[in-house]
Amino acid sequence: MKVFIVKEYNKNGYLLYFDNFPGAYTRGKTLEEALLKIPFELESYCRWANIPFDGKTETKIVQEKLSDLHICDADSEVLFDSEKGALSMEDYKLLKHYALKSAQDFLKLYLSIPDKNGTVLFPRKTFYGQVPVTANEMYEHTKNVNGYYFSEIGVIANNEPDIYVCRLNGFAELEKQAYFLLNTVVDGSYGEQWSLKKILRRFIWHDRIHAKAMWRMATKLCGKIENPFYF
């Protein structure tokens, strides 16, 4: 299976995004470390997305971005070349399907955790502040990017009542815009460029980051936990 890689990196770390598997990613302190994780991430992603996978991978780096952000903490700003240009309705519906499925599965994972306020993690800070360490903190953090992501392309959305419904409502507001499929690239906060296709990918990616952290923490805290993302 061919994987087209977008590499965002600096001296402190590497983020490798799977351009043709929106939201899939690996990261590492070195390029070699991030590359070694690709088969495991692809297998997990394909099971989640119900895509056949025979265990064989072939990778090609199609885009690179040297960044001054905190790559080691998954701080990201890259806009893929493939995230520019108009979207077909078919492509939009598929990406929307995965973004909503991701929200549903994140909520399912969260609700399955019996102790939502316990943790086995130690507090620490990153570029965005205190890292969430309980399931409840991870859920709130992930849910609360909804309004922010949609606002970057001029869509008014909120973060309530839950991660699935607020995302669904955001798409409803988006689809009221006559020309949303043009996928226009806009300059958003902090000089970062955004497009609709980037936001669709970022929802899935951001969910996967925090779902993985939540699932790992919760299994150590509570034992066997539902794993809808197949980590």
# chains A, B, ... in the order shown; residues from 1 in each chain; ligands from 1
$ select_by_dssp --residues "segment 182-231 of chain A" --states "strand (DSSP E or B)" --output "count of residues only"
4
$ residues_around --residues "segment 13-17 of chain A" --least-positions-apart "4" --cutoff "7 Å" --atoms "only C-alpha atoms" --output "list in words"
Ile5, Val6, Lys7, Glu8, Tyr9, Ala24, Tyr25, Thr26, Arg27, Gly28, Lys29, Thr30, Leu31, Ala34, Ile71 and Cys72 of chain A
$ write_last_selection --atoms "N, CA, C and O atoms" --output "PDB file, in the first residue's frame"
ATOM      1  N   ILE A   5       3.804  10.833   2.064  1.00  0.00           N
ATOM      2  CA  ILE A   5       4.145  11.457   3.335  1.00  0.00           C
ATOM      3  C   ILE A   5       4.366  12.960   3.182  1.00  0.00           C
ATOM      4  O   ILE A   5       5.094  13.403   2.285  1.00  0.00           O
ATOM      5  N   VAL A   6       3.750  13.732   4.079  1.00  0.00           N
ATOM      6  CA  VAL A   6       4.080  15.140   4.250  1.00  0.00           C
ATOM      7  C   VAL A   6       4.900  15.238   5.531  1.00  0.00           C
ATOM      8  O   VAL A   6       4.432  14.842   6.596  1.00  0.00           O
ATOM      9  N   LYS A   7       6.101  15.754   5.413  1.00  0.00           N
ATOM     10  CA  LYS A   7       7.033  15.804   6.551  1.00  0.00           C
ATOM     11  C   LYS A   7       7.112  17.231   7.099  1.00  0.00           C
ATOM     12  O   LYS A   7       7.459  18.158   6.384  1.00  0.00           O
ATOM     13  N   GLU A   8       6.776  17.382   8.369  1.00  0.00           N
ATOM     14  CA  GLU A   8       6.931  18.653   9.076  1.00  0.00           C
ATOM     15  C   GLU A   8       7.959  18.407  10.179  1.00  0.00           C
ATOM     16  O   GLU A   8       7.800  17.478  10.974  1.00  0.00           O
ATOM     17  N   TYR A   9       8.990  19.227  10.255  1.00  0.00           N
ATOM     18  CA  TYR A   9      10.110  18.849  11.103  1.00  0.00           C
ATOM     19  C   TYR A   9      10.931  20.052  11.541  1.00  0.00           C
ATOM     20  O   TYR A   9      10.841  21.156  11.004  1.00  0.00           O
ATOM     21  N   ALA A  24      -4.086  10.242   9.616  1.00  0.00           N
ATOM     22  CA  ALA A  24      -3.059   9.295  10.050  1.00  0.00           C
ATOM     23  C   ALA A  24      -1.714  10.013  10.128  1.00  0.00           C
ATOM     24  O   ALA A  24      -1.410  10.885   9.310  1.00  0.00           O
ATOM     25  N   TYR A  25      -0.892   9.615  11.087  1.00  0.00           N
ATOM     26  CA  TYR A  25       0.375  10.305  11.299  1.00  0.00           C
ATOM     27  C   TYR A  25       1.297   9.428  12.149  1.00  0.00           C
ATOM     28  O   TYR A  25       0.857   8.499  12.827  1.00  0.00           O
ATOM     29  N   THR A  26       2.575   9.752  12.118  1.00  0.00           N
ATOM     30  CA  THR A  26       3.518   9.254  13.113  1.00  0.00           C
ATOM     31  C   THR A  26       4.402  10.419  13.512  1.00  0.00           C
ATOM     32  O   THR A  26       4.479  11.435  12.825  1.00  0.00           O
ATOM     33  N   ARG A  27       5.085  10.256  14.632  1.00  0.00           N
ATOM     34  CA  ARG A  27       6.049  11.279  15.045  1.00  0.00           C
ATOM     35  C   ARG A  27       7.206  10.621  15.756  1.00  0.00           C
ATOM     36  O   ARG A  27       7.104   9.489  16.244  1.00  0.00           O
ATOM     37  N   GLY A  28       8.324  11.326  15.821  1.00  0.00           N
ATOM     38  CA  GLY A  28       9.501  10.795  16.485  1.00  0.00           C
ATOM     39  C   GLY A  28      10.542  11.871  16.660  1.00  0.00           C
ATOM     40  O   GLY A  28      10.483  12.921  16.012  1.00  0.00           O
ATOM     41  N   LYS A  29      11.509  11.607  17.523  1.00  0.00           N
ATOM     42  CA  LYS A  29      12.606  12.555  17.717  1.00  0.00           C
ATOM     43  C   LYS A  29      13.506  12.588  16.492  1.00  0.00           C
ATOM     44  O   LYS A  29      14.170  13.591  16.222  1.00  0.00           O
ATOM     45  N   THR A  30      13.530  11.469  15.756  1.00  0.00           N
ATOM     46  CA  THR A  30      14.310  11.386  14.519  1.00  0.00           C
ATOM     47  C   THR A  30      13.388  10.946  13.380  1.00  0.00           C
ATOM     48  O   THR A  30      12.318  10.373  13.618  1.00  0.00           O
ATOM     49  N   LEU A  31      13.837  11.171  12.160  1.00  0.00           N
ATOM     50  CA  LEU A  31      13.072  10.720  11.001  1.00  0.00           C
ATOM     51  C   LEU A  31      12.957   9.198  11.006  1.00  0.00           C
ATOM     52  O   LEU A  31      11.883   8.649  10.704  1.00  0.00           O
ATOM     53  N   ALA A  34      10.225   8.005  13.365  1.00  0.00           N
ATOM     54  CA  ALA A  34       8.886   8.251  12.825  1.00  0.00           C
ATOM     55  C   ALA A  34       8.567   7.300  11.671  1.00  0.00           C
ATOM     56  O   ALA A  34       7.442   6.805  11.556  1.00  0.00           O
ATOM     57  N   ILE A  71       7.276  20.862  17.335  1.00  0.00           N
ATOM     58  CA  ILE A  71       6.934  19.627  16.640  1.00  0.00           C
ATOM     59  C   ILE A  71       6.904  18.439  17.601  1.00  0.00           C
ATOM     60  O   ILE A  71       6.056  17.546  17.487  1.00  0.00           O
ATOM     61  N   CYS A  72       7.799  18.449  18.573  1.00  0.00           N
ATOM     62  CA  CYS A  72       7.874  17.326  19.514  1.00  0.00           C
ATOM     63  C   CYS A  72       6.594  17.185  20.337  1.00  0.00           C
ATOM     64  O   CYS A  72       6.294  16.100  20.854  1.00  0.00           O
TER      65      CYS A  72
END
$ select_by_dssp --residues "segment 125-203 of chain A" --states "helix (DSSP H, G or I)" --output "PyMOL selection string"
chain A and resi 135-143+146-151+163-174+180-182+189-191+196-203
$ residues_around --residues "Phe229 of chain A" --least-positions-apart "6" --cutoff "10 Å" --atoms "only C-alpha atoms" --output "list in words"
Ser44, Tyr45, Cys46, Arg47, Trp48, Ala49, Ser102, Asp105, Phe106, Leu109, Asp207, Arg208, Ala211, Lys212 and Trp215 of chain A
$ write_last_selection --atoms "C-alpha atoms" --output "mmCIF file, in the first residue's frame"
data_model
loop_
_atom_site.group_PDB
_atom_site.id
_atom_site.type_symbol
_atom_site.label_atom_id
_atom_site.label_comp_id
_atom_site.auth_asym_id
_atom_site.auth_seq_id
_atom_site.Cartn_x
_atom_site.Cartn_y
_atom_site.Cartn_z
ATOM 1 C CA SER A 44 -4.612 0.817 12.980
ATOM 2 C CA TYR A 45 -6.006 3.481 10.666
ATOM 3 C CA CYS A 46 -7.141 1.011 8.007
ATOM 4 C CA ARG A 47 -8.965 -1.134 10.571
ATOM 5 C CA TRP A 48 -10.671 1.986 11.899
ATOM 6 C CA ALA A 49 -11.582 3.255 8.413
ATOM 7 C CA SER A 102 -13.876 9.962 14.518
ATOM 8 C CA ASP A 105 -15.598 6.906 18.283
ATOM 9 C CA PHE A 106 -13.855 9.413 20.513
ATOM 10 C CA LEU A 109 -14.007 5.656 24.019
ATOM 11 C CA ASP A 207 -8.852 13.134 17.632
ATOM 12 C CA ARG A 208 -6.305 10.366 17.010
ATOM 13 C CA ALA A 211 -7.702 9.223 21.699
ATOM 14 C CA LYS A 212 -4.406 7.333 21.719
ATOM 15 C CA TRP A 215 -6.773 4.916 25.689
#
$ residues_around --residues "Ser189 of chain A" --least-positions-apart "2" --cutoff "10 Å" --atoms "only C-alpha atoms" --output "PyMOL selection string"
chain A and resi 148+151-152+186-187+191-194
$ write_last_selection --atoms "N, CA, C and O atoms" --output "JSON list (two decimals), in the first residue's frame"
[["chain", "number", "residue", "atom", "x", "y", "z"],
["A", 148, "TYR", "N", -12.96, 26.56, 17.31],
["A", 148, "TYR", "CA", -11.73, 27.17, 16.80],
["A", 148, "TYR", "C", -11.45, 26.75, 15.36],
["A", 148, "TYR", "O", -11.20, 27.60, 14.49],
["A", 151, "SER", "N", -13.98, 28.24, 12.95],
["A", 151, "SER", "CA", -13.86, 29.70, 12.85],
["A", 151, "SER", "C", -12.73, 30.13, 11.93],
["A", 151, "SER", "O", -12.77, 31.22, 11.36],
["A", 152, "GLU", "N", -11.73, 29.28, 11.77],
["A", 152, "GLU", "CA", -10.60, 29.63, 10.91],
["A", 152, "GLU", "C", -11.01, 29.76, 9.45],
["A", 152, "GLU", "O", -10.30, 30.38, 8.66],
["A", 186, "VAL", "N", -7.36, 30.36, 3.29],
["A", 186, "VAL", "CA", -7.47, 31.64, 4.00],
["A", 186, "VAL", "C", -6.36, 31.75, 5.03],
["A", 186, "VAL", "O", -5.84, 30.75, 5.53],
["A", 187, "ASP", "N", -5.99, 32.98, 5.36],
["A", 187, "ASP", "CA", -5.03, 33.25, 6.41],
["A", 187, "ASP", "C", -5.77, 33.34, 7.73],
["A", 187, "ASP", "O", -6.64, 34.21, 7.91],
["A", 191, "GLY", "N", -1.05, 33.68, 11.63],
["A", 191, "GLY", "CA", -0.45, 33.59, 10.31],
["A", 191, "GLY", "C", -0.55, 32.22, 9.67],
["A", 191, "GLY", "O", 0.07, 31.97, 8.62],
["A", 192, "GLU", "N", -1.32, 31.31, 10.26],
["A", 192, "GLU", "CA", -1.45, 29.96, 9.71],
["A", 192, "GLU", "C", -2.49, 29.93, 8.60],
["A", 192, "GLU", "O", -3.54, 30.57, 8.69],
["A", 193, "GLN", "N", -2.19, 29.20, 7.54],
["A", 193, "GLN", "CA", -3.12, 29.06, 6.43],
["A", 193, "GLN", "C", -4.03, 27.85, 6.63],
["A", 193, "GLN", "O", -3.59, 26.80, 7.11],
["A", 194, "TRP", "N", -5.30, 28.03, 6.26],
["A", 194, "TRP", "CA", -6.32, 27.00, 6.45],
["A", 194, "TRP", "C", -7.14, 26.84, 5.18],
["A", 194, "TRP", "O", -7.27, 27.75, 4.38]]
$ atom_distance --atom1 "atom CA of Leu196 of chain A" --atom2 "atom CA of Leu174 of chain A"
9.4 Å
$ atom_distance --atom1 "atom CA of Lys197 of chain A" --atom2 "atom CA of Phe21 of chain A"
12.5 Å
$ closest_residue --among "A:Gly85, A:Pro114, A:Gly154, A:Gly55" --to "Gly223 of chain A" --atoms "only C-alpha atoms"
A:Pro114
$ atom_distance --atom1 "atom CA of Met1 of chain A" --atom2 "atom CA of Leu95 of chain A"
19.8 Å
$ closest_residue --among "A:Asn20, A:Ala157, A:Ala86, A:Thr57" --to "Lys37 of chain A" --atoms "only C-alpha atoms"
A:Thr57
$ closest_residue --among "A:Tyr179, A:Phe4, A:Tyr149, A:Tyr230" --to "Leu200 of chain A" --atoms "only C-alpha atoms"
A:Tyr149
